[in-house]
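Q: Coordinates in structure_21.txt, compact mmCIF, C-alpha atoms, are listed below.
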```txt
# COMPACT_ATOMS: atom_id res chain seq x y z
CA MET B 1 6.37 -15.59 -33.68
CA VAL B 2 7.23 -14.38 -30.19
CA THR B 3 7.15 -10.78 -31.46
CA ILE B 4 3.66 -11.33 -32.90
CA TYR B 5 2.43 -12.72 -29.58
CA THR B 6 3.86 -9.69 -27.79
CA ILE B 7 2.06 -7.31 -30.13
CA VAL B 8 -1.21 -9.22 -29.75
CA PHE B 9 -0.99 -9.34 -25.96
CA LEU B 10 -0.04 -5.68 -25.46
CA GLY B 11 -2.40 -4.51 -28.20
CA ALA B 12 -5.39 -6.29 -26.69
CA LEU B 13 -4.49 -5.02 -23.20
CA VAL B 14 -4.19 -1.41 -24.36
CA ILE B 15 -7.39 -1.59 -26.41
CA GLY B 16 -9.27 -3.04 -23.45
CA ILE B 17 -8.09 -0.22 -21.16
CA MET B 18 -8.78 2.46 -23.78
CA ILE B 19 -12.39 1.37 -24.34
CA GLY B 20 -13.00 1.53 -20.60
CA LEU B 21 -12.87 -2.14 -19.60
CA PRO B 22 -11.81 -2.83 -16.00
CA ILE B 23 -8.21 -4.03 -15.70
CA ALA B 24 -9.35 -7.58 -14.84
CA TYR B 25 -11.39 -7.86 -18.05
CA SER B 26 -8.60 -6.23 -20.07
CA LEU B 27 -6.16 -8.86 -18.78
CA MET B 28 -8.59 -11.64 -19.70
CA LEU B 29 -9.09 -10.11 -23.14
CA SER B 30 -5.34 -9.92 -23.79
CA GLY B 31 -4.89 -13.50 -22.54
CA VAL B 32 -7.67 -14.89 -24.73
CA ALA B 33 -6.51 -12.94 -27.79
CA THR B 34 -2.95 -14.23 -27.39
CA ALA B 35 -4.23 -17.78 -26.75
CA LEU B 36 -6.18 -17.65 -30.02
CA ALA B 37 -2.99 -16.58 -31.80
CA ILE B 38 -1.10 -19.49 -30.20
CA GLY B 39 -3.85 -22.06 -30.73
CA GLY B 40 -3.92 -25.55 -29.28
CA SER B 41 -4.89 -26.29 -25.68
CA ALA B 42 -4.35 -22.67 -24.61
CA THR B 43 -7.81 -21.80 -25.92
CA SER B 44 -9.69 -24.62 -24.19
CA ALA B 45 -12.28 -23.72 -21.55
CA GLN B 46 -10.68 -26.24 -19.19
CA THR B 47 -7.32 -24.45 -19.38
CA VAL B 48 -8.92 -21.06 -18.79
CA ALA B 49 -10.92 -22.33 -15.81
CA ALA B 50 -7.93 -24.11 -14.26
CA GLN B 51 -5.67 -21.05 -14.47
CA VAL B 52 -8.34 -18.67 -13.18
CA MET B 53 -8.96 -20.91 -10.17
CA ARG B 54 -5.24 -21.22 -9.56
CA GLY B 55 -4.99 -17.44 -9.29
CA THR B 56 -6.92 -17.39 -6.02
CA ASP B 57 -6.08 -20.86 -4.70
CA SER B 58 -3.58 -19.72 -2.08
CA VAL B 59 -3.54 -19.83 1.70
CA SER B 60 -1.56 -16.60 1.81
CA MET B 61 -4.14 -14.83 -0.37
CA MET B 62 -6.74 -15.63 2.30
CA ALA B 63 -5.01 -13.06 4.53
CA LEU B 64 -6.15 -10.29 2.18
CA PRO B 65 -9.91 -10.28 2.94
CA PHE B 66 -9.23 -10.58 6.68
CA PHE B 67 -6.97 -7.52 6.80
CA ILE B 68 -9.40 -5.55 4.62
CA LEU B 69 -12.15 -6.47 7.08
CA VAL B 70 -9.99 -5.38 10.03
CA GLY B 71 -9.63 -1.94 8.48
CA GLU B 72 -13.38 -1.64 8.00
CA LEU B 73 -14.16 -2.76 11.56
CA MET B 74 -11.61 -0.52 13.24
CA ASN B 75 -12.60 2.49 11.15
CA ARG B 76 -16.29 2.09 11.99
CA GLY B 77 -15.47 1.20 15.57
CA GLY B 78 -14.15 4.65 16.52
CA LEU B 79 -10.44 4.00 16.07
CA THR B 80 -9.70 7.04 13.89
CA LYS B 81 -10.39 9.79 16.41
CA ARG B 82 -8.59 7.90 19.17
CA ILE B 83 -5.45 7.57 17.06
CA ILE B 84 -5.57 11.31 16.33
CA ASN B 85 -5.96 12.14 20.04
CA PHE B 86 -3.12 9.77 20.94
CA CYS B 87 -0.73 11.41 18.43
CA ASN B 88 -1.77 14.86 19.62
CA ILE B 89 -0.35 14.08 23.07
CA PHE B 90 3.21 13.74 21.75
CA VAL B 91 3.56 15.98 18.67
CA GLY B 92 0.59 18.35 18.77
CA ARG B 93 2.35 21.05 20.80
CA PHE B 94 4.98 21.79 18.11
CA ARG B 95 4.62 24.55 15.53
CA GLY B 96 2.38 23.16 12.80
CA GLY B 97 1.48 20.45 15.29
CA LEU B 98 -1.65 19.26 13.50
CA GLY B 99 0.53 18.40 10.51
CA TYR B 100 2.76 16.19 12.64
CA VAL B 101 -0.36 14.67 14.21
CA THR B 102 -1.55 13.85 10.67
CA ILE B 103 1.79 12.23 9.75
CA PHE B 104 1.95 9.98 12.81
CA ALA B 105 -1.77 9.23 12.69
CA CYS B 106 -1.24 7.96 9.14
CA LEU B 107 1.61 5.73 10.34
CA MET B 108 -0.49 4.28 13.16
CA PHE B 109 -3.56 3.85 11.00
CA ALA B 110 -1.39 2.17 8.35
CA SER B 111 -0.48 -0.55 10.84
CA LEU B 112 -4.15 -1.49 10.96
CA VAL B 113 -5.54 -0.89 7.47
CA GLY B 114 -2.92 -1.56 4.77
CA SER B 115 -4.72 0.58 2.17
CA ALA B 116 -3.77 4.17 1.34
CA VAL B 117 -7.18 4.96 -0.17
CA ALA B 118 -9.08 3.73 2.91
CA SER B 119 -6.70 5.54 5.26
CA THR B 120 -6.99 8.80 3.30
CA ALA B 121 -10.77 8.65 3.35
CA ALA B 122 -10.97 7.86 7.06
CA LEU B 123 -8.41 10.38 8.31
CA GLY B 124 -9.13 13.06 5.74
CA ALA B 125 -12.74 13.46 6.79
CA ILE B 126 -11.58 14.46 10.28
CA LEU B 127 -8.12 15.99 9.93
CA ILE B 128 -8.47 18.26 6.89
CA PRO B 129 -11.45 20.22 8.32
CA MET B 130 -9.65 20.35 11.68
CA MET B 131 -6.50 21.80 10.09
CA VAL B 132 -8.45 24.35 8.01
CA LYS B 133 -10.38 25.46 11.10
CA SER B 134 -7.04 26.02 12.88
CA GLY B 135 -5.84 28.34 10.10
CA TYR B 136 -3.90 25.90 7.92
CA ASN B 137 -3.95 26.22 4.13
CA ARG B 138 -6.57 23.81 2.76
CA GLU B 139 -4.48 22.66 -0.22
CA ALA B 140 -1.35 22.20 1.91
CA SER B 141 -3.35 20.16 4.43
CA ALA B 142 -4.82 17.90 1.74
CA GLY B 143 -1.39 17.48 0.11
CA LEU B 144 0.17 16.48 3.41
CA LEU B 145 -2.57 13.95 4.13
CA ALA B 146 -2.39 12.38 0.66
CA SER B 147 1.41 12.05 0.74
CA ALA B 148 1.56 10.80 4.34
CA ASN B 149 -0.86 7.99 3.55
CA LEU B 150 1.59 6.35 1.14
CA VAL B 151 2.93 4.65 4.25
CA ALA B 152 -0.26 2.55 4.46
CA PRO B 153 0.66 0.02 1.71
CA ILE B 154 4.22 -0.25 3.08
CA MET B 155 3.64 -0.71 6.82
CA PRO B 156 2.36 -4.19 7.66
CA PRO B 157 -0.28 -5.44 7.15
CA SER B 158 0.17 -4.40 3.51
CA VAL B 159 -2.37 -5.49 0.90
CA PRO B 160 0.05 -4.97 -2.06
CA MET B 161 2.72 -7.04 -0.30
CA ILE B 162 0.26 -9.91 0.12
CA VAL B 163 -0.49 -9.78 -3.60
CA TYR B 164 3.22 -9.65 -4.51
CA GLY B 165 4.10 -12.41 -2.04
CA VAL B 166 1.50 -14.77 -3.52
CA THR B 167 2.42 -13.91 -7.12
CA ALA B 168 6.18 -14.25 -6.59
CA GLY B 169 5.99 -17.19 -4.16
CA VAL B 170 7.69 -15.17 -1.41
CA SER B 171 7.02 -15.27 2.34
CA VAL B 172 4.38 -12.65 3.19
CA LYS B 173 5.68 -12.57 6.75
CA SER B 174 9.17 -11.58 5.54
CA LEU B 175 7.70 -8.90 3.28
CA PHE B 176 5.73 -7.50 6.23
CA MET B 177 8.86 -7.35 8.36
CA GLY B 178 10.81 -5.78 5.49
CA GLY B 179 8.24 -3.00 5.18
CA ILE B 180 8.75 -1.63 8.70
CA ALA B 181 12.01 0.26 8.03
CA PRO B 182 10.81 1.97 4.78
CA ALA B 183 7.61 2.99 6.58
CA VAL B 184 9.72 4.74 9.20
CA TYR B 185 11.85 6.38 6.48
CA LEU B 186 8.69 7.67 4.76
CA THR B 187 7.43 9.11 8.04
CA LEU B 188 10.73 10.92 8.67
CA ILE B 189 10.68 12.34 5.12
CA MET B 190 7.17 13.66 5.71
CA CYS B 191 8.27 15.36 8.92
CA VAL B 192 11.27 17.02 7.23
CA VAL B 193 9.22 18.37 4.31
CA TRP B 194 6.40 19.54 6.62
CA PHE B 195 8.96 21.37 8.79
CA PHE B 196 9.84 23.58 5.80
CA VAL B 197 6.24 23.84 4.54
CA VAL B 198 5.18 25.20 7.95
CA ARG B 199 7.72 28.00 7.68
CA LYS B 200 6.96 28.73 4.03
CA GLU B 201 3.20 28.91 4.69
CA GLY B 202 3.73 31.00 7.82
CA ILE B 203 1.93 28.51 10.07
CA THR B 204 2.40 29.35 13.75
CA SER B 205 -0.44 27.46 15.41
CA SER B 206 -0.18 24.09 17.09
CA ALA B 207 -2.80 21.45 17.76
CA PRO B 208 -5.48 22.19 20.40
CA LYS B 209 -4.07 21.81 23.90
CA MET B 210 -5.29 18.97 26.06
CA THR B 211 -5.93 18.98 29.79
CA PRO B 212 -4.16 16.37 31.96
CA LYS B 213 -7.48 14.52 32.25
CA GLU B 214 -7.88 14.46 28.45
CA ILE B 215 -4.30 13.29 28.02
CA LEU B 216 -4.79 10.38 30.42
CA HIS B 217 -8.09 9.46 28.76
CA SER B 218 -6.51 9.54 25.28
CA LEU B 219 -3.57 7.43 26.44
CA VAL B 220 -5.80 4.74 27.91
CA GLU B 221 -8.10 4.60 24.89
CA GLY B 222 -5.22 4.81 22.38
CA ILE B 223 -3.36 1.89 23.92
CA TRP B 224 -6.15 -0.51 22.91
CA ALA B 225 -5.76 0.54 19.28
CA LEU B 226 -1.95 0.25 19.44
CA LEU B 227 -2.04 -3.25 20.86
CA LEU B 228 -3.34 -4.72 17.59
CA PRO B 229 -0.27 -3.99 15.40
CA ILE B 230 1.99 -4.98 18.30
CA ILE B 231 0.23 -8.35 18.59
CA ILE B 232 0.48 -8.89 14.83
CA LEU B 233 4.16 -7.93 14.50
CA PHE B 234 5.40 -9.86 17.52
CA GLY B 235 3.25 -12.86 16.63
CA LEU B 236 4.66 -12.97 13.11
CA ARG B 237 8.24 -12.39 14.24
CA GLY B 238 7.99 -15.07 16.90
CA GLY B 239 6.48 -17.59 14.50
CA ILE B 240 3.38 -17.92 16.68
CA PHE B 241 1.08 -17.59 13.68
CA THR B 242 1.19 -17.08 9.92
CA ALA B 243 0.10 -13.94 8.06
CA THR B 244 -3.30 -15.50 7.32
CA GLU B 245 -3.79 -16.52 10.95
CA ALA B 246 -2.75 -13.01 11.98
CA GLY B 247 -5.59 -11.67 9.84
CA VAL B 248 -8.11 -13.87 11.65
CA ILE B 249 -6.77 -12.85 15.06
CA ALA B 250 -6.92 -9.19 14.03
CA VAL B 251 -10.57 -9.51 13.01
CA VAL B 252 -11.52 -11.08 16.35
CA TYR B 253 -9.57 -8.42 18.24
CA ALA B 254 -11.17 -5.60 16.22
CA LEU B 255 -14.64 -6.99 16.96
CA LEU B 256 -13.98 -7.32 20.69
CA ILE B 257 -12.48 -3.81 21.01
CA GLY B 258 -15.14 -2.16 18.86
CA ILE B 259 -18.04 -3.83 20.70
CA PHE B 260 -16.91 -4.11 24.32
CA VAL B 261 -14.19 -1.44 24.80
CA TYR B 262 -15.03 1.49 22.53
CA ARG B 263 -18.69 0.42 22.32
CA GLU B 264 -19.17 2.13 18.97
CA LEU B 265 -19.39 -0.94 16.75
CA LYS B 266 -23.07 -1.70 16.29
CA PRO B 267 -24.64 -4.70 14.49
CA LYS B 268 -25.38 -2.45 11.51
CA ASP B 269 -21.70 -1.38 11.36
CA ILE B 270 -20.53 -4.99 11.51
CA PHE B 271 -22.86 -5.97 8.68
CA GLU B 272 -21.75 -3.01 6.54
CA SER B 273 -18.09 -3.82 7.28
CA PHE B 274 -18.52 -7.39 6.04
CA ILE B 275 -20.30 -6.22 2.89
CA SER B 276 -17.67 -3.56 2.11
CA ALA B 277 -14.77 -5.94 2.79
CA ALA B 278 -16.38 -8.64 0.63
CA LYS B 279 -16.74 -6.22 -2.29
CA MET B 280 -13.16 -4.98 -2.03
CA SER B 281 -11.81 -8.52 -1.64
CA ALA B 282 -13.82 -9.75 -4.62
CA VAL B 283 -12.32 -7.05 -6.83
CA VAL B 284 -8.75 -7.97 -5.85
CA MET B 285 -9.39 -11.72 -6.00
CA PHE B 286 -10.95 -11.54 -9.47
CA LEU B 287 -8.05 -9.40 -10.61
CA ALA B 288 -5.61 -12.00 -9.26
CA ALA B 289 -7.55 -14.78 -11.02
CA THR B 290 -7.48 -13.11 -14.43
CA ALA B 291 -3.85 -12.06 -13.96
CA GLN B 292 -2.92 -15.70 -13.38
CA TYR B 293 -4.43 -16.68 -16.72
CA ALA B 294 -2.64 -13.78 -18.42
CA ALA B 295 0.63 -14.83 -16.73
CA TYR B 296 0.12 -18.40 -17.98
CA ILE B 297 -0.36 -17.15 -21.55
CA LEU B 298 2.70 -14.94 -21.19
CA THR B 299 4.74 -17.97 -20.13
CA ILE B 300 3.72 -20.29 -22.96
CA SER B 301 4.11 -17.50 -25.53
CA ARG B 302 7.64 -16.87 -24.21
CA ILE B 303 7.11 -13.12 -23.89
CA PRO B 304 8.99 -12.94 -20.53
CA GLN B 305 11.94 -14.69 -22.16
CA LEU B 306 11.98 -12.03 -24.88
CA ILE B 307 12.03 -9.25 -22.30
CA THR B 308 14.68 -11.14 -20.33
CA GLN B 309 16.85 -11.38 -23.43
CA SER B 310 16.51 -7.65 -24.12
CA LEU B 311 17.59 -6.83 -20.56
CA ALA B 312 20.11 -9.68 -20.32
CA PRO B 313 23.15 -7.34 -20.39
CA LEU B 314 21.92 -5.84 -17.11
CA VAL B 315 21.79 -9.21 -15.33
CA ALA B 316 25.52 -8.95 -14.65
CA HIS B 317 24.84 -5.62 -12.91
CA PRO B 318 22.05 -6.33 -10.38
CA MET B 319 21.92 -2.80 -8.98
CA LEU B 320 21.56 -1.26 -12.43
CA LEU B 321 18.91 -3.83 -13.35
CA ASN B 322 17.00 -3.03 -10.16
CA LEU B 323 17.21 0.68 -10.95
CA VAL B 324 15.86 0.22 -14.50
CA LEU B 325 12.99 -1.98 -13.31
CA GLN B 326 11.98 0.44 -10.54
CA ILE B 327 12.00 3.40 -12.96
CA ILE B 328 9.69 1.41 -15.25
CA ILE B 329 7.39 0.72 -12.29
CA ILE B 330 7.33 4.39 -11.23
CA LEU B 331 6.37 5.39 -14.78
CA MET B 332 3.69 2.68 -14.94
CA GLY B 333 2.27 3.98 -11.67
CA THR B 334 1.21 7.20 -13.38
CA CYS B 335 -1.40 5.34 -15.42
CA VAL B 336 -1.95 1.89 -13.82
CA ASP B 337 -3.11 1.14 -10.26
CA VAL B 338 -0.96 -0.72 -7.74
CA THR B 339 -2.49 -4.21 -7.75
CA PRO B 340 -2.69 -4.58 -11.56
CA THR B 341 0.93 -3.45 -11.89
CA ILE B 342 2.06 -6.08 -9.37
CA LEU B 343 0.06 -8.84 -11.06
CA ILE B 344 1.19 -7.90 -14.58
CA MET B 345 4.86 -7.15 -13.95
CA THR B 346 5.87 -9.70 -11.31
CA PRO B 347 5.75 -12.79 -13.60
CA ILE B 348 7.68 -10.86 -16.24
CA MET B 349 10.41 -9.69 -13.85
CA LEU B 350 10.94 -12.91 -11.90
CA PRO B 351 13.25 -14.61 -14.45
CA LEU B 352 15.44 -11.50 -14.52
CA LEU B 353 15.56 -11.22 -10.74
CA ARG B 354 16.50 -14.86 -10.32
CA ALA B 355 19.16 -14.66 -13.03
CA ALA B 356 20.67 -11.59 -11.34
CA HIS B 357 20.42 -13.25 -7.89
CA ILE B 358 18.43 -10.32 -6.47
CA ASP B 359 16.75 -11.19 -3.18
CA LEU B 360 13.02 -11.38 -3.89
CA VAL B 361 11.98 -10.13 -0.45
CA TYR B 362 14.22 -7.07 -0.65
CA PHE B 363 13.11 -6.40 -4.23
CA GLY B 364 9.46 -6.85 -3.25
CA VAL B 365 9.69 -4.14 -0.60
CA VAL B 366 11.33 -1.64 -2.98
CA PHE B 367 8.96 -2.71 -5.77
CA THR B 368 5.94 -2.05 -3.55
CA LEU B 369 7.24 1.38 -2.56
CA ALA B 370 7.95 2.35 -6.18
CA ASN B 371 4.51 1.06 -7.08
CA VAL B 372 2.56 3.03 -4.49
CA LEU B 373 4.14 6.31 -5.60
CA GLY B 374 1.58 6.18 -8.40
CA LEU B 375 -1.16 6.71 -5.82
CA THR B 376 -0.22 10.40 -5.63
CA SER B 377 0.87 10.95 -9.24
CA PRO B 378 -1.63 12.11 -11.86
CA PRO B 379 -3.52 11.29 -14.00
CA VAL B 380 -4.74 8.18 -12.11
CA GLY B 381 -3.63 9.03 -8.55
CA PRO B 382 -6.41 7.30 -6.54
CA VAL B 383 -5.25 8.85 -3.27
CA LEU B 384 -5.19 12.31 -4.87
CA ASN B 385 -8.81 11.89 -5.93
CA VAL B 386 -9.86 10.84 -2.45
CA ALA B 387 -7.94 13.74 -0.87
CA CYS B 388 -9.66 16.15 -3.29
CA ALA B 389 -13.06 14.78 -2.32
CA THR B 390 -12.51 14.76 1.44
CA GLY B 391 -10.71 18.11 1.48
CA ASP B 392 -12.92 19.89 -1.07
CA VAL B 393 -9.83 20.77 -3.12
CA LYS B 394 -9.34 20.94 -6.89
CA MET B 395 -6.76 18.60 -8.43
CA ASP B 396 -4.75 21.39 -10.10
CA LYS B 397 -4.37 23.10 -6.70
CA LEU B 398 -3.45 19.89 -4.87
CA VAL B 399 -0.74 18.50 -7.18
CA PRO B 400 1.81 21.32 -6.55
CA LYS B 401 1.48 20.73 -2.80
CA VAL B 402 2.25 17.03 -3.24
CA ILE B 403 5.32 17.46 -5.47
CA PRO B 404 7.91 18.18 -2.70
CA TYR B 405 6.89 15.00 -0.85
CA TYR B 406 6.81 13.00 -4.09
CA VAL B 407 10.32 14.06 -5.12
CA LEU B 408 11.83 12.95 -1.80
CA GLN B 409 9.82 9.71 -1.88
CA VAL B 410 11.28 8.93 -5.32
CA LEU B 411 14.75 9.71 -3.98
CA LEU B 412 14.05 7.28 -1.12
CA VAL B 413 13.39 4.52 -3.69
CA PHE B 414 16.75 5.27 -5.32
CA ALA B 415 18.48 5.29 -1.92
CA LEU B 416 17.04 1.85 -1.13
CA ILE B 417 18.35 0.59 -4.49
CA PHE B 418 21.88 1.91 -4.01
CA PHE B 419 22.01 1.03 -0.30
CA PRO B 420 20.17 -2.30 0.14
CA ALA B 421 21.36 -2.47 3.76
CA LEU B 422 18.73 0.15 4.61
CA ILE B 423 16.20 -2.66 4.24
CA GLN B 424 18.23 -5.82 4.70
CA VAL B 425 19.83 -4.93 8.05
CA PRO B 426 16.54 -4.08 9.84
CA LEU B 427 14.90 -7.05 8.12
CA ARG B 428 17.42 -9.49 9.61
CA TRP B 429 16.53 -8.18 13.07
CA PHE B 430 12.75 -8.11 12.59
CA ASN B 431 12.68 -11.42 10.76
```
What would the structure in this file look like if it were written as C-alpha cells?
A:
Amino acid sequence: MVTIYTIVFLGALVIGIMIGLPIAYSLMLSGVATALAIGGSATSAQTVAAQVMRGTDSVSMMALPFFILVGELMNRGGLTKRIINFCNIFVGRFRGGLGYVTIFACLMFASLVGSAVASTAALGAILIPMMVKSGYNREASAGLLASANLVAPIMPPSVPMIVYGVTAGVSVKSLFMGGIAPAVYLTLIMCVVWFFVVRKEGITSSAPKMTPKEILHSLVEGIWALLLPIIILFGLRGGIFTATEAGVIAVVYALLIGIFVYRELKPKDIFESFISAAKMSAVVMFLAATAQYAAYILTISRIPQLITQSLAPLVAHPMLLNLVLQIIIILMGTCVDVTPTILIMTPIMLPLLRAAHIDLVYFGVVFTLANVLGLTSPPVGPVLNVACATGDVKMDKLVPKVIPYYVLQVLLVFALIFFPALIQVPLRWFN
C-alpha cells in the first residue's frame, strides 16, 4: 500500500506542475489525492485546516516578511548605487575592475536582501549598462552578475535558510552564522573565474576613477549601509536578539536611513515597499502552509520511511549519504525553485539525517547552497531570466558565460561535503 501512496502522491504532484498549477496548489493537490487514497480522518476539512495553519504558525517564520521588507526599503532608499560606489573605492582600479565591483557589491547587497532574484534585478539595472558602456562584453557582464548573486541566499539574512530552519526545527540564527563562510568562498570563486575571463575577453579597462572628494563622500555614505548587516550579525552572535527581532530592527533602521540620511525614501516608496513585501511574503507563506499539509500526508502514508529504507545502506556512511542527497538536490534545482524544494525534500530527508547523525545546521547550509545552484541552471533558472531581462541578453548567449562559475560552485558543494570543517570551524567561532 505504501507503494500505491507514493505513486498517487508523485503522480498528482507531477500532473499539477505539468498542467501549469503553481507549486503550492500542486502540493495541495498531491496531498488531497493521497489523503483520499488513505481515507479516514486524513480527508476531513478540520485536518486540512489544522495542518495548513500549522505551516505558518511559527515565530521564526515571522522573520521572513521583515527581511523581505528590508530589502525593498533599502533598494528603494538609494542603497544600491552607494554600495557600488563603496566597492569601487577598493577594487575598481584593478584590470576588469567593474567586474570585481559587481562581485563585492553582490556580497554586500546580499547581507541586506537575502534574495538572489531581487539582488540581480536591483544591481543588474545599474551595473550591466555601466559595464557595457565601459567596453565589457554584454553577455559576460550579465553572466558574472547572475552567478555572483548566488551569494544572496547564502549570506545572512537568507530567506531559504529561514524556510529550512522552520521546516527542520533548526536554529535560524545558527544557520545564518553558518552561511557566512560559504558566502566568502563563493565570492573568492567569482574573483578567480573573473580573473581568467578578463584575460580571455581581452578586457583592459578598470572602473571609472574617483577623486579624493568622491572617495570620501562614498565612504561616508557607504558606512551607513554597511552598519545594518554588522548590527544584525553581532546582535545575533551576542544573543541580544533573535532572528525575528533582528528583522524588526532592520526594518526600523532601513526606514530611518532611507528617510533621514539618504533622504530618498518617500511615502510613495514606503507604501510600494510594504505592498511588494506583502505579496512576496504571502507567496512563500502559502507555499509553506500547503507544504505542511503535504508533509503531514507524507508522514501518515509512510512514504519517507520507504525512501529511508531504500537509502538505509548509506546511513552507515554519512558522507556518502550527504553526497547522494546533495546531487539529488542539484538535479531537482534544474526544474524546481528553491523554496518548494526545501519544503518538499526536508521532511523526507530528516529521518535519514537523524539516523546518520548528520548535524542539521551543517547540512542545512550545504543543502541551501546546492539548492540555490538551480537559480542559474536552465530551464527554470529564475536568476538567469532576470539577468536576461535587465541585461537585454538572450538565454542561449548567457548560459555559456555562466557555466565556468557554475562548475566551480558545484565543486564547492562537493568540497563542503568532503571537508565539513570548512563550515563547522568558522561556525563555532561565529556562533
Q: Tell me, in Å to one decimal, how far CA of Pro340 (chain B) is from CA of Ile403 (chain B).
A: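 Going from CA of Pro340 (chain B) over to CA of Ile403 (chain B) covers 24.2 Å.
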Q: Could you list, as a list in words, every residue within 12 Å of Pro267 (chain B), counting all atoms listed in the file and ignoring same-chain residues fewer than 3 positions away?
A: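 Neighbouring residues, sequence-local ones excluded: Leu73, Arg76, Gly77, Leu255, Gly258, Ile259, Arg263, Glu264, Ile270, Phe271, Glu272, Ser273 and Phe274 of chain B.
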Q: Please compute the CA of Thr290 (chain B)-CA of Ala33 (chain B) distance, one decimal, in Å.
A: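 Between CA of Thr290 (chain B) and CA of Ala33 (chain B) the gap works out to 13.4 Å.
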Q: By how many Å are CA of Tyr296 (chain B) and CA of Val172 (chain B) apart?
A: 22.3 Å
Q: Counting all atoms listed in the file, which of B:Pro347, B:Pro22, B:Pro157, B:Gly16 gets nearest to Leu69 (chain B)?
A: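 That would be B:Pro157, the residue with the smallest distance to Leu69 (chain B).
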Q: If you count all atoms listed in the file, which residues fall within 9 Å of Trp194 (chain B), apart from same-chain ones fewer than 6 positions away, as a VMD selection string?
A: chain B and resid 96 99 to 100 144 405
Q: Leaving out Val70 (chain B) and any residue of its chain fewer than 2 positions from it, which residues lie within 12 Å of it when counting all atoms listed in the file, given as a PyMOL selection string?
A: chain B and resi 63-68+72-77+79+109-115+118+157+159+225+228-229+246-258+270+273-274+276-278
Q: Could you give me, as a list in words, the residues within 10 Å of Gly135 (chain B), counting all atoms listed in the file and dropping anything in the same chain fewer than 5 positions from it?
A: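 In the requested format, the answer is Met130, Ile203, Thr204, Ser205 and Ser206 of chain B.
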Q: Have a look at B:Met210, B:Arg428, B:Ile344, B:Val336 and name the one nearest to Ile297 (chain B); count only C-alpha atoms.
A: B:Ile344
Q: With all atoms listed in the file as the counted atoms, please give the residues lying no more than 10 Å from region 187-193 of chain B, apart from itself and same-chain residues fewer than 6 positions off, as a list of chain:residue names.
A: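 These residues fall inside the cut-off: B:Gly99, B:Tyr100, B:Ile103, B:Phe104, B:Cys106, B:Leu107, B:Leu144, B:Leu145, B:Ser147, B:Ala148, B:Asn149, B:Leu150, B:Val151, B:Ala181, B:Pro404, B:Tyr405, B:Tyr406, B:Leu408, B:Gln409, B:Leu412.
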Q: Which residue out of B:Val386, B:Leu175, B:Ala282, B:Leu265 has the minimum interatomic distance to Ile423 (chain B) when all atoms listed in the file are used?
A: B:Leu175
Q: Which residue gives the smallest distance to Leu416 (chain B) among B:Tyr5, B:Phe195, B:Tyr262, B:Tyr185, with all atoms listed in the file counted?
A: B:Tyr185
Q: Smallest atom-to-atom distance to Gly391 (chain B): which of B:Ala105, B:Val198, B:Pro318, B:Asn137, using all atoms listed in the file?
A: B:Asn137
Q: Find, counting only C-alpha atoms, the residue in B:Thr167, B:Ser158, B:Thr102, B:Ser119 that gets nearest to Ala183 (chain B).
A: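 Between B:Thr167, B:Ser158, B:Thr102, B:Ser119, the residue approaching Ala183 (chain B) most closely is B:Ser158.
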